[in-house]
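Structure first, commentary second.
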Amino acid sequence: MFYNDRLSGKERKQKIALIVCAVVVLAVWLVLTIRINTIFPFKKIEKCGYGEWINYTPDIADIITADVSISPVSCKMYDRAGILKDYTKEQLGIFSEGKDDSDYLVFTVDIKNNGQEAVSINRLASLFIYCTEFNGDSNSLERMNTDIKTVASGETQRVQFVTNIKYKDAWMVNSRQRYAESDVYIVMSQYPLERRMVFSIE
């Protein structure tokens with residue numbers, strides 16, 4: 001008795017269909033990748049760590065025109081109980097409500113005004129976004145010390161921001177610990193120059 005390893009007509013059609021689908025997906029991916037890289041070529045990344053300053057001059061009509069330097073100071077990770085112990089609900093703003101298993105990051109940054117006009121911290125911070133390469137998490141930032149409205153000419157202000165985080169990833173093994181050991185960023189601009197403040201989580 002011999003084993004017949006030839007595919008039946010139905011199996012052969014299924015195999016051909018799978019190969020065709022794989023080729024189509026690969027072709028679409030290549031076309032989109034080439035298209036994006038053609039439209040947005042050669043993005044540069046400028047990083048700024050602790051003890052360093054990064055220059056930032058946003059110029060958006062009717063929104064903000066500024067000449068500032070910004071420096072990352074610290075980043076601390078909290079669970080829900082910890083952040084409610086150290087900060088008031090007024091300071092946490094939209095993040096004052098949340099689930100018991102939520103986790104948060106509190107960023108501290110220094111903002112120095114190099115220009116002649118006062119700079120609105122709210123308008124400046126509306127361009128900031130928290131992100132990480134570790135698991136693709138990204139989010140908006142809520143300014144905590146709302147009593148500081150502006151940075152006057154020649155002045156430096158220390159400002160705090162809070163965001164909630166999603167540290168879980170596909171591996172789900174010690175993901176909180178691995179996340180806490182990775183760098184996280186505040187990104188101020190994304191293209192053609194990505195300005196990135198780099199923080200180590202405490």
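Naming works like this for the structure tokens: A, B, ... for the chains as they're shown, residue 1 at the start of each chain, ligands 1 onward in shown order.
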
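The environment of A:Ile54 within 12 Å, counting only C-alpha atoms and disregarding residues fewer than 4 places along the same chain, consists of Ile45, Glu46, Lys47, Cys48, Gly49, Tyr50, Asp67, Val68, Ser69, Ile70, Ser71, Pro72, Val109, Asp110, Ile111, Lys112, Asn113, Asn114, Ile186, Val187, Met188, Ser189, Glu194, Arg195, Arg196, Met197 and Val198 of chain A.
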
Selected residues written out, N, CA and C atoms, as a short mmCIF file (atom, residue, chain, number, x, y, z; two decimals), in the first residue's frame:
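Result file again.cif:
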data_model
loop_
_atom_site.label_atom_id
_atom_site.label_comp_id
_atom_site.auth_asym_id
_atom_site.auth_seq_id
_atom_site.Cartn_x
_atom_site.Cartn_y
_atom_site.Cartn_z
N ILE A 45 16.42 62.63 14.00
CA ILE A 45 16.01 62.61 15.40
C ILE A 45 17.06 63.33 16.23
N GLU A 46 16.61 64.32 16.96
CA GLU A 46 17.49 65.05 17.88
C GLU A 46 17.07 64.70 19.30
N LYS A 47 17.99 64.13 20.07
CA LYS A 47 17.69 63.67 21.43
C LYS A 47 18.30 64.62 22.47
N CYS A 48 17.61 64.71 23.60
CA CYS A 48 18.08 65.54 24.69
C CYS A 48 17.87 64.78 25.99
N GLY A 49 18.97 64.52 26.72
CA GLY A 49 18.89 63.78 27.98
C GLY A 49 19.00 64.69 29.19
N TYR A 50 19.11 64.08 30.36
CA TYR A 50 19.23 64.84 31.60
C TYR A 50 20.49 65.71 31.56
N ASP A 67 10.50 80.95 21.23
CA ASP A 67 11.91 80.59 21.15
C ASP A 67 12.31 80.13 22.55
N VAL A 68 12.29 78.83 22.75
CA VAL A 68 12.55 78.29 24.09
C VAL A 68 13.62 77.20 24.02
N SER A 69 14.18 76.91 25.19
CA SER A 69 15.04 75.74 25.38
C SER A 69 14.39 74.90 26.47
N ILE A 70 14.41 73.59 26.27
CA ILE A 70 13.72 72.69 27.20
C ILE A 70 14.69 71.60 27.63
N SER A 71 14.60 71.24 28.92
CA SER A 71 15.49 70.22 29.46
C SER A 71 14.69 69.22 30.29
N PRO A 72 14.89 67.91 30.05
CA PRO A 72 14.23 66.91 30.89
C PRO A 72 14.89 66.85 32.27
N VAL A 109 10.01 68.94 33.67
CA VAL A 109 10.87 69.55 32.65
C VAL A 109 11.11 71.01 33.01
N ASP A 110 12.25 71.52 32.59
CA ASP A 110 12.56 72.95 32.70
C ASP A 110 12.35 73.60 31.35
N ILE A 111 11.67 74.75 31.35
CA ILE A 111 11.42 75.51 30.12
C ILE A 111 12.03 76.89 30.28
N LYS A 112 12.95 77.23 29.39
CA LYS A 112 13.64 78.53 29.43
C LYS A 112 13.22 79.35 28.22
N ASN A 113 12.77 80.57 28.45
CA ASN A 113 12.31 81.44 27.37
C ASN A 113 13.47 82.29 26.86
N ASN A 114 13.90 82.04 25.62
CA ASN A 114 15.00 82.80 25.02
C ASN A 114 14.51 84.02 24.26
N ILE A 186 9.33 62.53 25.65
CA ILE A 186 8.37 63.57 25.29
C ILE A 186 8.85 64.10 23.94
N VAL A 187 7.98 63.98 22.95
CA VAL A 187 8.30 64.42 21.59
C VAL A 187 7.63 65.76 21.35
N MET A 188 8.40 66.72 20.83
CA MET A 188 7.88 68.08 20.61
C MET A 188 7.58 68.35 19.15
N SER A 189 8.32 67.73 18.26
CA SER A 189 8.05 67.84 16.83
C SER A 189 8.43 66.51 16.19
N GLU A 194 12.60 65.27 14.38
CA GLU A 194 11.92 64.85 15.60
C GLU A 194 12.77 65.29 16.79
N ARG A 195 12.19 66.16 17.60
CA ARG A 195 12.87 66.60 18.82
C ARG A 195 12.34 65.76 19.97
N ARG A 196 13.25 65.09 20.65
CA ARG A 196 12.86 64.07 21.62
C ARG A 196 13.59 64.28 22.95
N MET A 197 12.83 64.53 24.04
CA MET A 197 13.42 64.52 25.37
C MET A 197 13.41 63.09 25.89
N VAL A 198 14.54 62.63 26.40
CA VAL A 198 14.69 61.24 26.82
C VAL A 198 14.69 61.18 28.35
#

Which residues are near stretch 86-88 of chain A? Cut-off 12 Å, only C-alpha atoms, ignore same chain within fewer than 4 positions. Put them as an NGL selection string. :A and (76-82 or 92-97 or 104 or 106 or 144-145 or 160-162)

DSSP-assigned strand (DSSP E or B) members of stretch 18-182 of chain A, reported as an NGL selection string: :A and (44-48 or 54-56 or 59-60 or 64-65 or 68-79 or 103-113 or 119-120 or 129-131 or 138-139 or 142-143 or 150-151 or 156-165)

Here atom CA of A:Ile63 and atom CA of A:Arg158 stand apart by 22.2 Å

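Considering the residues A:Arg178, A:Pro58, A:Asp147, A:Val23 and counting only C-alpha atoms, A:Leu127 has its shortest atom-to-atom contact with A:Pro58.
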
Near stretch 120-125 of chain A, counting only C-alpha atoms, which residues have an atom at most 10 Å away, once you skip same-chain residues fewer than 2 positions from it, shown as a VMD selection string? chain A and resid 56 to 58 63 to 66 68 111 117 to 118 127 to 129 140 to 143 146 148 to 152 157 159 161 188

DSSP-assigned alpha helix (DSSP H) among stretch 2-193 of chain A, expressed as a ChimeraX atom specification: /A:9-39,80-86,89-92,121-125,175-180

Using only C-alpha atoms, please write the residues we just selected to a file, as an mmCIF file, in the first residue's frame.
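Result written to part-v3.cif:
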data_model
loop_
_atom_site.group_PDB
_atom_site.id
_atom_site.type_symbol
_atom_site.label_atom_id
_atom_site.label_comp_id
_atom_site.auth_asym_id
_atom_site.auth_seq_id
_atom_site.Cartn_x
_atom_site.Cartn_y
_atom_site.Cartn_z
ATOM 1 C CA GLY A 9 -8.022 19.612 -6.104
ATOM 2 C CA LYS A 10 -9.579 21.509 -3.189
ATOM 3 C CA GLU A 11 -6.355 21.484 -1.153
ATOM 4 C CA ARG A 12 -4.327 22.615 -4.154
ATOM 5 C CA LYS A 13 -6.699 25.570 -4.712
ATOM 6 C CA GLN A 14 -6.460 26.530 -1.016
ATOM 7 C CA LYS A 15 -2.675 26.451 -1.149
ATOM 8 C CA ILE A 16 -2.601 28.593 -4.299
ATOM 9 C CA ALA A 17 -5.065 31.050 -2.721
ATOM 10 C CA LEU A 18 -2.871 31.368 0.395
ATOM 11 C CA ILE A 19 0.238 31.993 -1.708
ATOM 12 C CA VAL A 20 -1.590 34.609 -3.798
ATOM 13 C CA CYS A 21 -2.855 36.365 -0.634
ATOM 14 C CA ALA A 22 0.661 36.390 0.854
ATOM 15 C CA VAL A 23 2.108 37.857 -2.343
ATOM 16 C CA VAL A 24 -0.613 40.541 -2.487
ATOM 17 C CA VAL A 25 -0.047 41.517 1.171
ATOM 18 C CA LEU A 26 3.717 41.726 0.623
ATOM 19 C CA ALA A 27 3.260 43.809 -2.531
ATOM 20 C CA VAL A 28 0.875 46.239 -0.788
ATOM 21 C CA TRP A 29 3.276 46.559 2.156
ATOM 22 C CA LEU A 30 6.199 47.309 -0.181
ATOM 23 C CA VAL A 31 4.203 49.896 -2.152
ATOM 24 C CA LEU A 32 3.018 51.681 1.004
ATOM 25 C CA THR A 33 6.485 51.619 2.592
ATOM 26 C CA ILE A 34 8.110 53.043 -0.542
ATOM 27 C CA ARG A 35 5.343 55.645 -0.858
ATOM 28 C CA ILE A 36 5.692 56.840 2.766
ATOM 29 C CA ASN A 37 9.486 56.965 2.498
ATOM 30 C CA THR A 38 9.173 58.957 -0.722
ATOM 31 C CA ILE A 39 6.746 61.482 0.797
ATOM 32 C CA ARG A 80 -3.105 54.546 41.300
ATOM 33 C CA ALA A 81 -2.754 54.586 45.088
ATOM 34 C CA GLY A 82 0.690 56.214 44.941
ATOM 35 C CA ILE A 83 -0.246 59.094 42.664
ATOM 36 C CA LEU A 84 -3.396 59.899 44.655
ATOM 37 C CA LYS A 85 -1.247 60.016 47.786
ATOM 38 C CA ASP A 86 1.312 62.448 46.338
ATOM 39 C CA LYS A 89 -7.189 65.574 41.919
ATOM 40 C CA GLU A 90 -6.876 69.187 40.754
ATOM 41 C CA GLN A 91 -3.243 68.563 39.819
ATOM 42 C CA LEU A 92 -4.096 65.331 37.996
ATOM 43 C CA ILE A 121 2.879 77.054 28.704
ATOM 44 C CA ASN A 122 -0.545 75.644 27.762
ATOM 45 C CA ARG A 123 -0.057 76.424 24.086
ATOM 46 C CA LEU A 124 3.518 75.172 24.100
ATOM 47 C CA ALA A 125 2.612 71.942 25.913
ATOM 48 C CA SER A 175 6.125 43.717 31.298
ATOM 49 C CA ARG A 176 5.799 46.387 34.019
ATOM 50 C CA GLN A 177 9.365 45.832 35.195
ATOM 51 C CA ARG A 178 10.769 45.786 31.653
ATOM 52 C CA TYR A 179 8.802 48.925 30.837
ATOM 53 C CA ALA A 180 10.143 50.690 33.937
#

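The nearest approach to A:Leu105 among the residues A:Ile60, A:Ile165, A:Val73, A:Leu193, with only C-alpha atoms taken into account, belongs to A:Ile165.
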